[in-house]
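Here is the structure we will look at.
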Amino acid sequence: MSDDERGEEKELDLSSPEVVTKYKLAAEIVNKALQLVLSECKPKAKIVDICEKGDSYIREQTGSMYKNVKKKIERGVAFPTCLSVNDTVCHYSPLASDETVLEEGDILKIDMGCHIDGFIAVVGHTHVLQQGAVTGRAADAIAAANAAAEVALRLVKPGKKNQDVTEAIQKVAAAYDCKIVEGVLSHQLKQFVIDGNKVVLSVSNPETRVDDAEFEENEVYAIDIVTSTGDGKPKLLDEKQTTIYKRAVDKNYHLKLKASRFIFSEISQNFPIMPFSARALEEKRARLGLVECVNHELLQPYPVLHEKPGDFVAHIKFTVLLMPNGSDRITSHTLQELQPTKTVDDPEIKGWLSLPVKSKKKGGGKKKKRGKGAEKVEAMEETGNGGA
């Protein structure tokens, strides 16, 4: 379907039950893919093999859906599996030739996405490769990300504004003596759009500005929280680590190199809209061709960013549907047991965490008010502990 045809059609949103079903199917697959990836995370396991297994699972599961419909439905990986370790903040999804392995005690940030017919579900999760409870500053970083995610879930709702969420998550992180990492954006999701125009900033500063926006019923958001025990200002250390790109559909340029034209043609054919991993391309030719494509802004890179060595970084990302009867968080995974060094006594933060996720106005029936994450935050406050 061309962009023009898409534009002529009414924009589909959560008022259509079929759209809700597709979001939930994508979420079910990505939640299971995350579970599979976690089960593969063992000392000495190669990161690239784990990433590939995550992507393969999503491709297999989506491939068996909607096979017998008249109109072809696009489906598959919406964001390649990333496994960023320790002070690496995000987007680490290495090429096949990479030999990096996991080690006991590593802090793993897993990030991945799935789509059915362009309706996207993404998830991000943090796990420490160890037996027993996570303690000390690593536990603080994860607890901060979890509490900030739970507060965001309660504040991303119709009538609230994006800057309310930005301010709140920073306050939550500070309560754990952590920082929200700069430059991370939570985007509205739309059909075939992973980075919609409505955005929640992680940290507001003079260099990063976004338009003020109000959340509305029937919208979908990917809420992306990254916390750090460091200064929260990640750096790009090596451009060669970048392997994830997205086609910039509004840009055109006549590429000079034959390798670039070949690669760009392959990308346009196989990955016209969603982010993809350079692993899917022929490696030597890709290295050469991708540079020219990026230099002329035909591709948007997702750089691998780093905090300082020794800093602890945690990541939680979830997809939330703003339904008429309240927010529906459709992607998540249970955390390990946490024993943070800090407890949250701030009445404003406690007030946010006590807000209901579902409303009682519509739909009838008894609604579950609180997510597991909020209960976990409160358990940690009461006992200094967090049970899975």
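In the structure tokens, the first chain shown is A, the next is B, and so on; residue numbers restart at 1 for each chain, and ligands run from 1 in the order shown.
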
As a PyMOL selection string, which residues of stretch 12-128 of chain A does DSSP assign to helix (DSSP H, G or I)?
chain A and resi 17-40+47-63

A:Pro309: which residues within 10 Å, counting only C-alpha atoms, same-chain residues fewer than 4 positions away excluded, as a ChimeraX atom specification?
/A:86-88,230

For A:His91, work out the shell of residues within 10 Å, counting only C-alpha atoms and skipping chain neighbours fewer than 5 positions away, then give it as a VMD selection string.
chain A and resid 79 to 84 109 to 112 241 to 244 301 to 305

Could you write out that same residue set with N, CA, C and O atoms as a PDB file, in the first residue's frame?
```
ATOM      1  N   PHE A  79      11.210  -3.558  16.333  1.00  0.00           N
ATOM      2  CA  PHE A  79      12.499  -3.017  16.781  1.00  0.00           C
ATOM      3  C   PHE A  79      13.392  -4.210  17.086  1.00  0.00           C
ATOM      4  O   PHE A  79      13.007  -5.095  17.847  1.00  0.00           O
ATOM      5  N   PRO A  80      14.590  -4.255  16.465  1.00  0.00           N
ATOM      6  CA  PRO A  80      15.460  -5.422  16.649  1.00  0.00           C
ATOM      7  C   PRO A  80      15.834  -5.627  18.117  1.00  0.00           C
ATOM      8  O   PRO A  80      15.955  -4.672  18.878  1.00  0.00           O
ATOM      9  N   THR A  81      16.013  -6.888  18.500  1.00  0.00           N
ATOM     10  CA  THR A  81      16.398  -7.212  19.874  1.00  0.00           C
ATOM     11  C   THR A  81      17.757  -6.603  20.198  1.00  0.00           C
ATOM     12  O   THR A  81      18.727  -6.804  19.471  1.00  0.00           O
ATOM     13  N   CYS A  82      17.802  -5.850  21.301  1.00  0.00           N
ATOM     14  CA  CYS A  82      19.053  -5.253  21.776  1.00  0.00           C
ATOM     15  C   CYS A  82      19.355  -5.819  23.160  1.00  0.00           C
ATOM     16  O   CYS A  82      18.443  -6.032  23.956  1.00  0.00           O
ATOM     17  N   LEU A  83      20.640  -6.029  23.418  1.00  0.00           N
ATOM     18  CA  LEU A  83      21.078  -6.521  24.720  1.00  0.00           C
ATOM     19  C   LEU A  83      22.272  -5.672  25.145  1.00  0.00           C
ATOM     20  O   LEU A  83      23.404  -5.908  24.743  1.00  0.00           O
ATOM     21  N   SER A  84      21.977  -4.622  25.908  1.00  0.00           N
ATOM     22  CA  SER A  84      22.998  -3.640  26.309  1.00  0.00           C
ATOM     23  C   SER A  84      23.449  -3.964  27.730  1.00  0.00           C
ATOM     24  O   SER A  84      22.621  -4.070  28.630  1.00  0.00           O
ATOM     25  N   LYS A 109      20.205  -4.969  29.802  1.00  0.00           N
ATOM     26  CA  LYS A 109      19.018  -4.228  29.385  1.00  0.00           C
ATOM     27  C   LYS A 109      18.550  -4.805  28.052  1.00  0.00           C
ATOM     28  O   LYS A 109      19.266  -4.721  27.059  1.00  0.00           O
ATOM     29  N   ILE A 110      17.364  -5.396  28.069  1.00  0.00           N
ATOM     30  CA  ILE A 110      16.810  -6.008  26.856  1.00  0.00           C
ATOM     31  C   ILE A 110      15.729  -5.078  26.314  1.00  0.00           C
ATOM     32  O   ILE A 110      14.893  -4.576  27.064  1.00  0.00           O
ATOM     33  N   ASP A 111      15.744  -4.869  24.998  1.00  0.00           N
ATOM     34  CA  ASP A 111      14.834  -3.923  24.347  1.00  0.00           C
ATOM     35  C   ASP A 111      14.416  -4.552  23.026  1.00  0.00           C
ATOM     36  O   ASP A 111      15.275  -4.982  22.249  1.00  0.00           O
ATOM     37  N   MET A 112      13.105  -4.644  22.756  1.00  0.00           N
ATOM     38  CA  MET A 112      12.653  -5.290  21.521  1.00  0.00           C
ATOM     39  C   MET A 112      11.232  -4.864  21.166  1.00  0.00           C
ATOM     40  O   MET A 112      10.522  -4.306  22.006  1.00  0.00           O
ATOM     41  N   GLN A 241      29.864   0.809  16.435  1.00  0.00           N
ATOM     42  CA  GLN A 241      28.955  -0.060  17.201  1.00  0.00           C
ATOM     43  C   GLN A 241      27.505   0.078  16.739  1.00  0.00           C
ATOM     44  O   GLN A 241      26.675  -0.787  17.039  1.00  0.00           O
ATOM     45  N   THR A 242      27.184   1.153  16.023  1.00  0.00           N
ATOM     46  CA  THR A 242      25.806   1.378  15.576  1.00  0.00           C
ATOM     47  C   THR A 242      25.435   0.348  14.513  1.00  0.00           C
ATOM     48  O   THR A 242      26.114   0.234  13.498  1.00  0.00           O
ATOM     49  N   THR A 243      24.350  -0.392  14.766  1.00  0.00           N
ATOM     50  CA  THR A 243      23.906  -1.407  13.802  1.00  0.00           C
ATOM     51  C   THR A 243      22.420  -1.286  13.483  1.00  0.00           C
ATOM     52  O   THR A 243      21.922  -1.972  12.603  1.00  0.00           O
ATOM     53  N   ILE A 244      21.697  -0.434  14.222  1.00  0.00           N
ATOM     54  CA  ILE A 244      20.253  -0.309  14.001  1.00  0.00           C
ATOM     55  C   ILE A 244      19.953   1.016  13.308  1.00  0.00           C
ATOM     56  O   ILE A 244      20.480   2.067  13.697  1.00  0.00           O
ATOM     57  N   PRO A 301      20.216   6.663  12.232  1.00  0.00           N
ATOM     58  CA  PRO A 301      20.891   5.664  13.065  1.00  0.00           C
ATOM     59  C   PRO A 301      20.392   5.687  14.507  1.00  0.00           C
ATOM     60  O   PRO A 301      19.947   6.720  14.997  1.00  0.00           O
ATOM     61  N   TYR A 302      20.445   4.539  15.150  1.00  0.00           N
ATOM     62  CA  TYR A 302      20.177   4.435  16.592  1.00  0.00           C
ATOM     63  C   TYR A 302      21.515   4.143  17.264  1.00  0.00           C
ATOM     64  O   TYR A 302      21.927   2.982  17.351  1.00  0.00           O
ATOM     65  N   PRO A 303      22.225   5.178  17.713  1.00  0.00           N
ATOM     66  CA  PRO A 303      23.588   4.973  18.215  1.00  0.00           C
ATOM     67  C   PRO A 303      23.630   4.204  19.529  1.00  0.00           C
ATOM     68  O   PRO A 303      22.695   4.267  20.330  1.00  0.00           O
ATOM     69  N   VAL A 304      24.731   3.474  19.727  1.00  0.00           N
ATOM     70  CA  VAL A 304      24.977   2.781  20.994  1.00  0.00           C
ATOM     71  C   VAL A 304      25.618   3.799  21.937  1.00  0.00           C
ATOM     72  O   VAL A 304      26.692   4.329  21.647  1.00  0.00           O
ATOM     73  N   LEU A 305      24.954   4.082  23.047  1.00  0.00           N
ATOM     74  CA  LEU A 305      25.428   5.107  23.981  1.00  0.00           C
ATOM     75  C   LEU A 305      25.946   4.458  25.264  1.00  0.00           C
ATOM     76  O   LEU A 305      25.520   3.358  25.634  1.00  0.00           O
TER      77      LEU A 305
END
```

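For the pair atom CA of A:Val77 and atom CA of A:Asp238, the interatomic distance is 25.5 Å.
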
What gap, in Å, lies between atom CA of A:Ala174 and atom CA of A:Ser186?
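Result for atom CA of A:Ala174 versus atom CA of A:Ser186: 19.3 Å, one decimal.
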
May I ask which of the residues A:Leu25, A:Ala138, A:Ile263, A:Ile273 is the closest one to A:Arg285, counting only C-alpha atoms?
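Closest to A:Arg285 of all the choices is A:Ile263.
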
Please report as JSON lines every residue of stretch 166-280 of chain A lying within 12 Å of stretch 26-50 of chain A, along with the nearest atom pair and their distance in Å (one decimal), using only C-alpha atoms.
```
{"residue": "A:Ala222", "atom": "CA", "partner": "A:Ala27", "partner_atom": "CA", "distance": 11.8}
{"residue": "A:Thr243", "atom": "CA", "partner": "A:Val48", "partner_atom": "CA", "distance": 11.6}
{"residue": "A:Ser277", "atom": "CA", "partner": "A:Val48", "partner_atom": "CA", "distance": 11.2}
{"residue": "A:Ala278", "atom": "CA", "partner": "A:Val48", "partner_atom": "CA", "distance": 12.0}
{"residue": "A:Arg279", "atom": "CA", "partner": "A:Val48", "partner_atom": "CA", "distance": 9.3}
```

Expected file: the selected residues, N, CA, C and O atoms, as a PDB file, in the first residue's frame:
```pdb
ATOM      1  N   ALA A 222       4.662   4.385  23.839  1.00  0.00           N
ATOM      2  CA  ALA A 222       5.785   3.570  24.313  1.00  0.00           C
ATOM      3  C   ALA A 222       6.486   4.400  25.374  1.00  0.00           C
ATOM      4  O   ALA A 222       7.112   5.420  25.061  1.00  0.00           O
ATOM      5  N   THR A 243      24.350  -0.392  14.766  1.00  0.00           N
ATOM      6  CA  THR A 243      23.906  -1.407  13.802  1.00  0.00           C
ATOM      7  C   THR A 243      22.420  -1.286  13.483  1.00  0.00           C
ATOM      8  O   THR A 243      21.922  -1.972  12.603  1.00  0.00           O
ATOM      9  N   SER A 277      18.107  -4.223  11.812  1.00  0.00           N
ATOM     10  CA  SER A 277      19.500  -4.447  12.188  1.00  0.00           C
ATOM     11  C   SER A 277      20.342  -4.683  10.943  1.00  0.00           C
ATOM     12  O   SER A 277      19.922  -5.394  10.026  1.00  0.00           O
ATOM     13  N   ALA A 278      21.546  -4.116  10.935  1.00  0.00           N
ATOM     14  CA  ALA A 278      22.469  -4.336   9.816  1.00  0.00           C
ATOM     15  C   ALA A 278      22.875  -5.806   9.713  1.00  0.00           C
ATOM     16  O   ALA A 278      23.441  -6.223   8.699  1.00  0.00           O
ATOM     17  N   ARG A 279      22.582  -6.600  10.759  1.00  0.00           N
ATOM     18  CA  ARG A 279      22.819  -8.054  10.685  1.00  0.00           C
ATOM     19  C   ARG A 279      22.081  -8.678   9.523  1.00  0.00           C
ATOM     20  O   ARG A 279      22.475  -9.713   8.993  1.00  0.00           O
TER      21      ARG A 279
END
```

Stretch 200-205 of chain A surroundings by only C-alpha atoms, 6 Å radius, close-in-sequence under 5 positions cut, as number ranges by chain:
A: 162, 166, 182, 184-186

Preceding selection exported with N, CA, C and O atoms as an mmCIF file, in the first residue's frame:
```cif
data_model
loop_
_atom_site.group_PDB
_atom_site.id
_atom_site.type_symbol
_atom_site.label_atom_id
_atom_site.label_comp_id
_atom_site.auth_asym_id
_atom_site.auth_seq_id
_atom_site.Cartn_x
_atom_site.Cartn_y
_atom_site.Cartn_z
ATOM 1 N N ASN A 162 2.403 16.169 28.810
ATOM 2 C CA ASN A 162 3.687 15.450 28.738
ATOM 3 C C ASN A 162 4.707 15.977 29.740
ATOM 4 O O ASN A 162 5.461 15.208 30.337
ATOM 5 N N THR A 166 7.478 14.191 32.620
ATOM 6 C CA THR A 166 8.922 14.471 32.649
ATOM 7 C C THR A 166 9.375 14.880 34.048
ATOM 8 O O THR A 166 10.361 14.356 34.576
ATOM 9 N N GLU A 182 19.390 11.352 30.005
ATOM 10 C CA GLU A 182 18.980 12.357 29.016
ATOM 11 C C GLU A 182 18.873 11.753 27.614
ATOM 12 O O GLU A 182 19.556 10.787 27.280
ATOM 13 N N VAL A 184 16.445 10.232 26.125
ATOM 14 C CA VAL A 184 15.523 9.110 25.903
ATOM 15 C C VAL A 184 14.118 9.696 25.739
ATOM 16 O O VAL A 184 13.656 10.457 26.581
ATOM 17 N N LEU A 185 13.439 9.332 24.664
ATOM 18 C CA LEU A 185 12.113 9.882 24.401
ATOM 19 C C LEU A 185 11.062 8.782 24.462
ATOM 20 O O LEU A 185 11.275 7.675 23.963
ATOM 21 N N SER A 186 9.927 9.090 25.089
ATOM 22 C CA SER A 186 8.763 8.212 25.030
ATOM 23 C C SER A 186 7.855 8.745 23.934
ATOM 24 O O SER A 186 7.446 9.910 23.975
#
```

Let me make sure I understand: among A:Gly63, A:Gly136, A:Pro324, A:Gly183, which one has the smallest atom-to-atom distance to A:Ser15 if we use only C-alpha atoms?
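The shortest atom-to-atom distance to A:Ser15 comes from A:Pro324.
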
Under the rule that only C-alpha atoms are counted, which of A:Thr229, A:Thr21, A:Ser268, A:Gln336 is the nearest residue to A:Asn252?
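Closest candidate: A:Ser268.
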
Distance query A:Asn146 at most 10 Å, only C-alpha atoms, self and fewer than 5 positions along chain excluded, as JSON, numbers by chain
{"A": [125, 126, 140, 141, 151, 152, 172, 173, 225, 226, 227, 314, 315, 316, 317, 335, 373, 374, 376, 377]}

For N, CA, C and O atoms, I'd like the residues from the last selection saved as a PDB file, in the first residue's frame.
```pdb
ATOM      1  N   HIS A 125      13.439  -4.280  29.503  1.00  0.00           N
ATOM      2  CA  HIS A 125      13.508  -4.925  30.820  1.00  0.00           C
ATOM      3  C   HIS A 125      14.963  -4.990  31.264  1.00  0.00           C
ATOM      4  O   HIS A 125      15.874  -5.096  30.435  1.00  0.00           O
ATOM      5  N   THR A 126      15.162  -4.941  32.587  1.00  0.00           N
ATOM      6  CA  THR A 126      16.522  -5.028  33.148  1.00  0.00           C
ATOM      7  C   THR A 126      16.626  -6.251  34.040  1.00  0.00           C
ATOM      8  O   THR A 126      15.732  -6.527  34.846  1.00  0.00           O
ATOM      9  N   ASP A 140      19.193  -0.005  43.357  1.00  0.00           N
ATOM     10  CA  ASP A 140      18.649   1.366  43.349  1.00  0.00           C
ATOM     11  C   ASP A 140      18.257   1.786  41.929  1.00  0.00           C
ATOM     12  O   ASP A 140      17.181   2.353  41.708  1.00  0.00           O
ATOM     13  N   ALA A 141      19.146   1.524  40.969  1.00  0.00           N
ATOM     14  CA  ALA A 141      18.887   1.936  39.575  1.00  0.00           C
ATOM     15  C   ALA A 141      17.651   1.231  39.030  1.00  0.00           C
ATOM     16  O   ALA A 141      16.791   1.856  38.385  1.00  0.00           O
ATOM     17  N   VAL A 151       4.861   5.333  37.986  1.00  0.00           N
ATOM     18  CA  VAL A 151       4.313   6.697  38.075  1.00  0.00           C
ATOM     19  C   VAL A 151       3.897   7.176  36.680  1.00  0.00           C
ATOM     20  O   VAL A 151       2.806   7.742  36.498  1.00  0.00           O
ATOM     21  N   ALA A 152       4.754   6.926  35.674  1.00  0.00           N
ATOM     22  CA  ALA A 152       4.415   7.338  34.299  1.00  0.00           C
ATOM     23  C   ALA A 152       3.124   6.673  33.835  1.00  0.00           C
ATOM     24  O   ALA A 152       2.269   7.317  33.209  1.00  0.00           O
ATOM     25  N   VAL A 172      11.150  10.944  40.953  1.00  0.00           N
ATOM     26  CA  VAL A 172      11.218   9.554  41.423  1.00  0.00           C
ATOM     27  C   VAL A 172      12.666   9.063  41.410  1.00  0.00           C
ATOM     28  O   VAL A 172      13.149   8.476  42.378  1.00  0.00           O
ATOM     29  N   ALA A 173      13.372   9.297  40.300  1.00  0.00           N
ATOM     30  CA  ALA A 173      14.771   8.844  40.196  1.00  0.00           C
ATOM     31  C   ALA A 173      15.624   9.465  41.294  1.00  0.00           C
ATOM     32  O   ALA A 173      16.451   8.793  41.922  1.00  0.00           O
ATOM     33  N   ILE A 225      11.875   4.436  30.026  1.00  0.00           N
ATOM     34  CA  ILE A 225      12.539   4.975  31.217  1.00  0.00           C
ATOM     35  C   ILE A 225      13.922   4.357  31.344  1.00  0.00           C
ATOM     36  O   ILE A 225      14.049   3.134  31.424  1.00  0.00           O
ATOM     37  N   VAL A 226      14.951   5.195  31.371  1.00  0.00           N
ATOM     38  CA  VAL A 226      16.317   4.709  31.607  1.00  0.00           C
ATOM     39  C   VAL A 226      16.895   5.501  32.778  1.00  0.00           C
ATOM     40  O   VAL A 226      16.884   6.734  32.772  1.00  0.00           O
ATOM     41  N   THR A 227      17.375   4.787  33.800  1.00  0.00           N
ATOM     42  CA  THR A 227      17.945   5.433  34.985  1.00  0.00           C
ATOM     43  C   THR A 227      19.417   5.073  35.111  1.00  0.00           C
ATOM     44  O   THR A 227      19.868   4.042  34.595  1.00  0.00           O
ATOM     45  N   ALA A 314      19.747   1.123  34.303  1.00  0.00           N
ATOM     46  CA  ALA A 314      18.563   0.256  34.224  1.00  0.00           C
ATOM     47  C   ALA A 314      17.579   0.830  33.208  1.00  0.00           C
ATOM     48  O   ALA A 314      17.497   2.042  33.025  1.00  0.00           O
ATOM     49  N   HIS A 315      16.832  -0.052  32.560  1.00  0.00           N
ATOM     50  CA  HIS A 315      15.916   0.344  31.484  1.00  0.00           C
ATOM     51  C   HIS A 315      14.594  -0.404  31.645  1.00  0.00           C
ATOM     52  O   HIS A 315      14.588  -1.626  31.794  1.00  0.00           O
ATOM     53  N   ILE A 316      13.503   0.323  31.655  1.00  0.00           N
ATOM     54  CA  ILE A 316      12.172  -0.292  31.589  1.00  0.00           C
ATOM     55  C   ILE A 316      11.368   0.452  30.525  1.00  0.00           C
ATOM     56  O   ILE A 316      11.307   1.678  30.527  1.00  0.00           O
ATOM     57  N   LYS A 317      10.802  -0.328  29.611  1.00  0.00           N
ATOM     58  CA  LYS A 317       9.977   0.255  28.547  1.00  0.00           C
ATOM     59  C   LYS A 317       8.689  -0.562  28.459  1.00  0.00           C
ATOM     60  O   LYS A 317       8.719  -1.784  28.596  1.00  0.00           O
ATOM     61  N   LEU A 335      10.111  -8.271  37.691  1.00  0.00           N
ATOM     62  CA  LEU A 335      11.501  -8.004  38.079  1.00  0.00           C
ATOM     63  C   LEU A 335      12.021  -9.075  39.039  1.00  0.00           C
ATOM     64  O   LEU A 335      11.248  -9.754  39.713  1.00  0.00           O
ATOM     65  N   GLY A 373       3.974  -3.759  39.547  1.00  0.00           N
ATOM     66  CA  GLY A 373       5.105  -2.857  39.783  1.00  0.00           C
ATOM     67  C   GLY A 373       4.867  -1.919  40.953  1.00  0.00           C
ATOM     68  O   GLY A 373       5.760  -1.671  41.748  1.00  0.00           O
ATOM     69  N   ALA A 374       3.624  -1.401  41.079  1.00  0.00           N
ATOM     70  CA  ALA A 374       3.319  -0.485  42.186  1.00  0.00           C
ATOM     71  C   ALA A 374       3.382  -1.229  43.508  1.00  0.00           C
ATOM     72  O   ALA A 374       3.882  -0.726  44.506  1.00  0.00           O
ATOM     73  N   LYS A 376       5.209  -3.766  44.059  1.00  0.00           N
ATOM     74  CA  LYS A 376       6.644  -4.010  44.301  1.00  0.00           C
ATOM     75  C   LYS A 376       7.288  -2.782  44.928  1.00  0.00           C
ATOM     76  O   LYS A 376       8.057  -2.882  45.884  1.00  0.00           O
ATOM     77  N   VAL A 377       6.959  -1.594  44.397  1.00  0.00           N
ATOM     78  CA  VAL A 377       7.520  -0.358  44.954  1.00  0.00           C
ATOM     79  C   VAL A 377       7.137  -0.232  46.426  1.00  0.00           C
ATOM     80  O   VAL A 377       7.958   0.063  47.272  1.00  0.00           O
TER      81      VAL A 377
END
```

Kindly indicate which residue among A:Glu74, A:Glu307, A:Asp212, A:Glu337 lies nearest to A:His127, using only C-alpha atoms for the distances.
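Checking each candidate against A:His127, we get A:Glu337 as the closest.
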
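Comparing A:Leu353, A:Val89, A:His296, A:Ala259 by their smallest distance to A:Lys284, the closest is A:Ala259 (using only C-alpha atoms).
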
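Near A:Asp250, within a cut-off of 12 Å and counting only C-alpha atoms, sit the residues Asp3, Pro272, Ile273, Glu297, Leu298, Leu299 and Gln300 of chain A, with same-chain residues fewer than 5 positions away left out.
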
Write a file of the just-selected residues containing C-alpha atoms, as a short mmCIF file (atom, residue, chain, number, x, y, z; two decimals), in the first residue's frame.
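Below is the file that was written, out_37.cif:
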```
data_model
loop_
_atom_site.label_atom_id
_atom_site.label_comp_id
_atom_site.auth_asym_id
_atom_site.auth_seq_id
_atom_site.Cartn_x
_atom_site.Cartn_y
_atom_site.Cartn_z
CA ASP A 3 1.71 6.29 1.54
CA PRO A 272 10.69 0.35 4.27
CA ILE A 273 9.30 1.63 7.59
CA GLU A 297 20.20 11.34 6.03
CA LEU A 298 18.48 8.56 4.10
CA LEU A 299 18.81 6.44 7.22
CA GLN A 300 18.33 7.45 10.85
#
```

Could you state the separation of atom CA of A:Ala147 and atom CA of A:Thr341 in Å, given to one decimal place?
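These two atoms are separated by 14.3 Å.
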
Could you give me the residues within stretch 136-312 of chain A that DSSP places in strand (DSSP E), as a count of residues only?
33

Test item: residues at most 8 Å from A:Ser228, only C-alpha atoms, excluding those fewer than 3 positions along its chain, as a list of chain:residue names:
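Contacts, with the query itself left out: A:Ala141, A:Cys178, A:Lys179, A:Ile180, A:Val181, A:Asp231, A:Gly232, A:Asp311, A:Phe312, A:Val313, A:Ala314.
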
Rank A:Gly124, A:Gly132, A:Gly289, A:Gly118 by their smallest atom-to-atom distance to A:Lys72, using only C-alpha atoms, and report the top residue only.
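For A:Lys72, the nearest of the given residues is A:Gly118.
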